[in-house]
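Asks: To start, I am sharing the structure in question, which I have written as structure tokens.
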Amino acid sequence: MELLSIGELARRTGLTVKTVRFYADRGIVPPASRGPGGYRRYEPAAVARLELVRTLRELGLDLATIRRVADREVTLAEVAGTHLEALDVQIRALRLRRAVLSAAARSGSDPSEVRHLRDLARLSARERRDLIDDFLGAVFRGLDGFAGIARSLTPEPPDDPTPARPRPGSSWPG
């Protein structure tokens with residue numbers, strides 16, 4: 001079996017020698033042996049391992065997790081699932097921030113309005129539904145069965161609310 005020098009491994013993976021050395025020093029891609037003069041020598045399988053490391057780093061995984069995947073302590077599917085869930089949480093938080101900032105930018109809101117928008121946007125889906133139900137209950141109090149019908153016709157608020165705009169050819173009411 002032909003062993004690769006650190007320079008050859010770097011060339012085949014598109015990484016720098018310094019980066020390969022960094023991963024080797026952390027035990028992620030350990031050298032198979034040392035050549036004359038103490039130079040690191042790697043098995044050809046190190047190319048695939050470094051490509052996996054590079055891909056996982058680009059996807060935002062930390063080195064400790066990458067090492068566990070590379071050492072087969074956990075599966076890639078397990079790690080991907082966990083990181084996907086975390087990414088979904090981050091995306092929801094970013095959508096929330098975007099919606100509040102977008103509404104504030106469109107309306108020229110003052111700081112108290114922005115705080116109010118933020119507080120409304122932070123409500124869970126259940127809290128938003130309860131708020132709408134309370135409003136409809138107050139509006140339609142005393143009209144038997146009408147609140148339920150009104151609620152069934154009420155759409156869910158969007159993740160990225162925008163102000164209502166007239167259709168082309170129509171005008172704003174009022």
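Just so we're on the same page: first chain in the structure tokens is A, next is B, and so on; residues restart at 1 for each chain, and ligands are numbered from 1 in the order they show up.
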Can you list, as a ChimeraX atom specification, every residue of chain A that DSSP puts in helix (DSSP H, G or I)?

Replies: /A:6-13,17-25,36-38,45-58,63-70,76-107,111-121,125-139,146-152

Asks: So that I can check the surroundings of segment 55-58 of chain A, please list as an mmCIF file with all heavy atoms, in the first residue's frame every protein, DNA and RNA residue that reaches within 12 Å of it, counting only C-alpha atoms and ignoring chain neighbours fewer than 3 positions away.

Replies:
data_model
loop_
_atom_site.group_PDB
_atom_site.id
_atom_site.type_symbol
_atom_site.label_atom_id
_atom_site.label_comp_id
_atom_site.auth_asym_id
_atom_site.auth_seq_id
_atom_site.Cartn_x
_atom_site.Cartn_y
_atom_site.Cartn_z
ATOM 1 N N THR A 13 -6.845 16.653 -1.792
ATOM 2 C CA THR A 13 -8.086 17.108 -1.146
ATOM 3 C C THR A 13 -8.387 18.578 -1.378
ATOM 4 O O THR A 13 -9.480 19.036 -1.070
ATOM 5 C CB THR A 13 -8.028 16.864 0.373
ATOM 6 O OG1 THR A 13 -6.913 17.583 0.918
ATOM 7 C CG2 THR A 13 -7.918 15.389 0.694
ATOM 8 N N LEU A 15 -6.961 20.927 0.240
ATOM 9 C CA LEU A 15 -6.718 21.624 1.503
ATOM 10 C C LEU A 15 -5.264 22.051 1.561
ATOM 11 O O LEU A 15 -4.426 21.562 0.803
ATOM 12 C CB LEU A 15 -7.040 20.704 2.685
ATOM 13 C CG LEU A 15 -8.483 20.216 2.794
ATOM 14 C CD1 LEU A 15 -8.601 19.134 3.864
ATOM 15 C CD2 LEU A 15 -9.409 21.379 3.105
ATOM 16 N N TYR A 23 -5.951 19.024 11.353
ATOM 17 C CA TYR A 23 -6.852 17.892 11.567
ATOM 18 C C TYR A 23 -6.101 16.685 12.121
ATOM 19 O O TYR A 23 -6.630 15.945 12.947
ATOM 20 C CB TYR A 23 -7.586 17.521 10.278
ATOM 21 C CG TYR A 23 -8.602 18.560 9.835
ATOM 22 C CD1 TYR A 23 -8.745 18.891 8.500
ATOM 23 C CD2 TYR A 23 -9.429 19.195 10.757
ATOM 24 C CE1 TYR A 23 -9.682 19.833 8.085
ATOM 25 C CE2 TYR A 23 -10.367 20.136 10.351
ATOM 26 C CZ TYR A 23 -10.481 20.454 9.017
ATOM 27 O OH TYR A 23 -11.407 21.385 8.616
ATOM 28 N N ALA A 48 -10.601 10.306 1.491
ATOM 29 C CA ALA A 48 -12.053 10.270 1.696
ATOM 30 C C ALA A 48 -12.424 10.834 3.067
ATOM 31 O O ALA A 48 -13.414 11.560 3.201
ATOM 32 C CB ALA A 48 -12.570 8.842 1.559
ATOM 33 N N ARG A 49 -11.632 10.519 4.073
ATOM 34 C CA ARG A 49 -11.907 11.022 5.425
ATOM 35 C C ARG A 49 -11.823 12.550 5.462
ATOM 36 O O ARG A 49 -12.679 13.207 6.042
ATOM 37 C CB ARG A 49 -10.935 10.384 6.414
ATOM 38 C CG ARG A 49 -11.281 10.628 7.855
ATOM 39 C CD ARG A 49 -10.424 9.742 8.742
ATOM 40 N NE ARG A 49 -10.568 10.062 10.128
ATOM 41 C CZ ARG A 49 -11.084 9.254 11.039
ATOM 42 N NH1 ARG A 49 -11.517 8.054 10.689
ATOM 43 N NH2 ARG A 49 -11.154 9.614 12.290
ATOM 44 N N LEU A 50 -10.808 13.101 4.812
ATOM 45 C CA LEU A 50 -10.683 14.565 4.776
ATOM 46 C C LEU A 50 -11.793 15.213 3.963
ATOM 47 O O LEU A 50 -12.242 16.314 4.286
ATOM 48 C CB LEU A 50 -9.316 14.983 4.235
ATOM 49 C CG LEU A 50 -8.195 14.990 5.258
ATOM 50 C CD1 LEU A 50 -6.852 15.230 4.580
ATOM 51 C CD2 LEU A 50 -8.442 16.036 6.333
ATOM 52 N N GLU A 51 -12.240 14.558 2.907
ATOM 53 C CA GLU A 51 -13.363 15.098 2.134
ATOM 54 C C GLU A 51 -14.629 15.111 2.984
ATOM 55 O O GLU A 51 -15.415 16.059 2.914
ATOM 56 C CB GLU A 51 -13.544 14.309 0.844
ATOM 57 C CG GLU A 51 -12.437 14.607 -0.157
ATOM 58 C CD GLU A 51 -12.467 13.730 -1.397
ATOM 59 O OE1 GLU A 51 -13.254 12.774 -1.458
ATOM 60 O OE2 GLU A 51 -11.675 14.022 -2.309
ATOM 61 N N LEU A 52 -14.827 14.072 3.793
ATOM 62 C CA LEU A 52 -15.957 14.057 4.725
ATOM 63 C C LEU A 52 -15.829 15.192 5.733
ATOM 64 O O LEU A 52 -16.789 15.923 5.980
ATOM 65 C CB LEU A 52 -16.037 12.710 5.448
ATOM 66 C CG LEU A 52 -17.078 12.616 6.559
ATOM 67 C CD1 LEU A 52 -18.492 12.731 5.988
ATOM 68 C CD2 LEU A 52 -16.896 11.324 7.347
ATOM 69 N N LEU A 61 -20.750 21.813 11.180
ATOM 70 C CA LEU A 61 -20.537 20.911 12.303
ATOM 71 C C LEU A 61 -19.214 21.227 12.997
ATOM 72 O O LEU A 61 -18.245 21.616 12.346
ATOM 73 C CB LEU A 61 -20.556 19.448 11.848
ATOM 74 C CG LEU A 61 -21.937 18.815 11.773
ATOM 75 C CD1 LEU A 61 -22.768 19.402 10.671
ATOM 76 C CD2 LEU A 61 -21.829 17.323 11.622
ATOM 77 N N ASP A 62 -19.204 21.025 14.298
ATOM 78 C CA ASP A 62 -17.994 21.278 15.070
ATOM 79 C C ASP A 62 -17.035 20.089 14.951
ATOM 80 O O ASP A 62 -17.424 18.993 14.576
ATOM 81 C CB ASP A 62 -18.348 21.540 16.538
ATOM 82 C CG ASP A 62 -19.057 20.357 17.161
ATOM 83 O OD1 ASP A 62 -20.289 20.244 16.983
ATOM 84 O OD2 ASP A 62 -18.380 19.551 17.828
ATOM 85 N N LEU A 63 -15.767 20.325 15.298
ATOM 86 C CA LEU A 63 -14.746 19.295 15.133
ATOM 87 C C LEU A 63 -14.982 18.066 16.009
ATOM 88 O O LEU A 63 -14.721 16.940 15.587
ATOM 89 C CB LEU A 63 -13.363 19.876 15.415
ATOM 90 C CG LEU A 63 -12.849 20.884 14.390
ATOM 91 C CD1 LEU A 63 -11.495 21.432 14.811
ATOM 92 C CD2 LEU A 63 -12.770 20.267 13.014
ATOM 93 N N ALA A 64 -15.466 18.261 17.217
ATOM 94 C CA ALA A 64 -15.720 17.116 18.095
ATOM 95 C C ALA A 64 -16.767 16.187 17.486
ATOM 96 O O ALA A 64 -16.615 14.954 17.500
ATOM 97 C CB ALA A 64 -16.166 17.600 19.474
ATOM 98 N N THR A 65 -17.814 16.758 16.919
ATOM 99 C CA THR A 65 -18.860 15.960 16.284
ATOM 100 C C THR A 65 -18.321 15.274 15.032
ATOM 101 O O THR A 65 -18.601 14.101 14.783
ATOM 102 C CB THR A 65 -20.078 16.838 15.939
ATOM 103 O OG1 THR A 65 -20.567 17.434 17.140
ATOM 104 C CG2 THR A 65 -21.178 16.034 15.274
ATOM 105 N N ILE A 66 -17.541 15.997 14.251
ATOM 106 C CA ILE A 66 -16.951 15.424 13.037
ATOM 107 C C ILE A 66 -16.068 14.235 13.390
ATOM 108 O O ILE A 66 -16.108 13.195 12.727
ATOM 109 C CB ILE A 66 -16.165 16.494 12.252
ATOM 110 C CG1 ILE A 66 -17.137 17.524 11.666
ATOM 111 C CG2 ILE A 66 -15.308 15.859 11.163
ATOM 112 C CD1 ILE A 66 -16.472 18.739 11.066
ATOM 113 N N ARG A 67 -15.310 14.365 14.449
ATOM 114 C CA ARG A 67 -14.443 13.257 14.860
ATOM 115 C C ARG A 67 -15.288 12.038 15.243
ATOM 116 O O ARG A 67 -14.954 10.915 14.891
ATOM 117 C CB ARG A 67 -13.549 13.666 16.019
ATOM 118 C CG ARG A 67 -12.602 12.560 16.417
ATOM 119 C CD ARG A 67 -11.640 12.976 17.467
ATOM 120 N NE ARG A 67 -10.758 11.850 17.751
ATOM 121 C CZ ARG A 67 -9.765 11.912 18.567
ATOM 122 N NH1 ARG A 67 -9.492 13.037 19.196
ATOM 123 N NH2 ARG A 67 -9.021 10.860 18.784
ATOM 124 N N ARG A 68 -16.390 12.260 15.942
ATOM 125 C CA ARG A 68 -17.260 11.147 16.336
ATOM 126 C C ARG A 68 -17.864 10.467 15.108
ATOM 127 O O ARG A 68 -18.001 9.248 15.085
ATOM 128 C CB ARG A 68 -18.349 11.647 17.279
ATOM 129 C CG ARG A 68 -17.769 12.083 18.641
ATOM 130 C CD ARG A 68 -18.823 12.571 19.601
ATOM 131 N NE ARG A 68 -19.704 11.458 19.941
ATOM 132 C CZ ARG A 68 -21.012 11.590 20.142
ATOM 133 N NH1 ARG A 68 -21.595 12.766 20.049
ATOM 134 N NH2 ARG A 68 -21.745 10.538 20.438
ATOM 135 N N VAL A 69 -18.218 11.252 14.084
ATOM 136 C CA VAL A 69 -18.744 10.667 12.845
ATOM 137 C C VAL A 69 -17.632 9.896 12.130
ATOM 138 O O VAL A 69 -17.825 8.751 11.715
ATOM 139 C CB VAL A 69 -19.340 11.752 11.917
ATOM 140 C CG1 VAL A 69 -19.661 11.174 10.537
ATOM 141 C CG2 VAL A 69 -20.575 12.367 12.537
ATOM 142 N N ALA A 70 -16.474 10.516 12.000
ATOM 143 C CA ALA A 70 -15.360 9.881 11.296
ATOM 144 C C ALA A 70 -14.909 8.603 12.005
ATOM 145 O O ALA A 70 -14.505 7.639 11.352
ATOM 146 C CB ALA A 70 -14.192 10.858 11.167
ATOM 147 N N LEU A 76 -23.806 9.407 10.582
ATOM 148 C CA LEU A 76 -24.013 10.688 9.913
ATOM 149 C C LEU A 76 -25.489 11.060 9.947
ATOM 150 O O LEU A 76 -25.835 12.231 10.142
ATOM 151 C CB LEU A 76 -23.502 10.617 8.472
ATOM 152 C CG LEU A 76 -23.596 11.883 7.650
ATOM 153 C CD1 LEU A 76 -22.904 13.045 8.344
ATOM 154 C CD2 LEU A 76 -22.982 11.657 6.274
ATOM 155 N N VAL A 79 -26.374 12.583 13.384
ATOM 156 C CA VAL A 79 -25.833 13.936 13.505
ATOM 157 C C VAL A 79 -26.596 14.893 12.599
ATOM 158 O O VAL A 79 -26.951 16.005 13.004
ATOM 159 C CB VAL A 79 -24.325 13.944 13.179
ATOM 160 C CG1 VAL A 79 -23.789 15.350 13.051
ATOM 161 C CG2 VAL A 79 -23.565 13.186 14.259
ATOM 162 N N ALA A 80 -26.878 14.471 11.380
ATOM 163 C CA ALA A 80 -27.611 15.326 10.439
ATOM 164 C C ALA A 80 -28.994 15.654 10.997
ATOM 165 O O ALA A 80 -29.446 16.803 10.915
ATOM 166 C CB ALA A 80 -27.721 14.650 9.076
ATOM 167 N N HIS A 83 -28.659 18.209 13.860
ATOM 168 C CA HIS A 83 -28.303 19.536 13.350
ATOM 169 C C HIS A 83 -29.428 20.137 12.518
ATOM 170 O O HIS A 83 -29.604 21.357 12.497
ATOM 171 C CB HIS A 83 -26.985 19.485 12.585
ATOM 172 C CG HIS A 83 -25.805 19.436 13.497
ATOM 173 N ND1 HIS A 83 -25.123 20.553 13.916
ATOM 174 C CD2 HIS A 83 -25.207 18.396 14.130
ATOM 175 C CE1 HIS A 83 -24.173 20.209 14.740
ATOM 176 N NE2 HIS A 83 -24.204 18.900 14.895
#

Asks: State, in Å with one decimal place, the distance from atom CA of Arg41 of chain A to atom CA of Ser5 of chain A.

Replies: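 Atom CA of Ser5 of chain A lies at a distance of 4.9 Å from atom CA of Arg41 of chain A.
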
Asks: What's around Arg122 of chain A at 9 Å? Count only C-alpha atoms, leave out sequence neighbours fewer than 5 positions away in its own chain, and write the answer as a PyMOL selection string.

Replies: chain A and resi 93+96+117
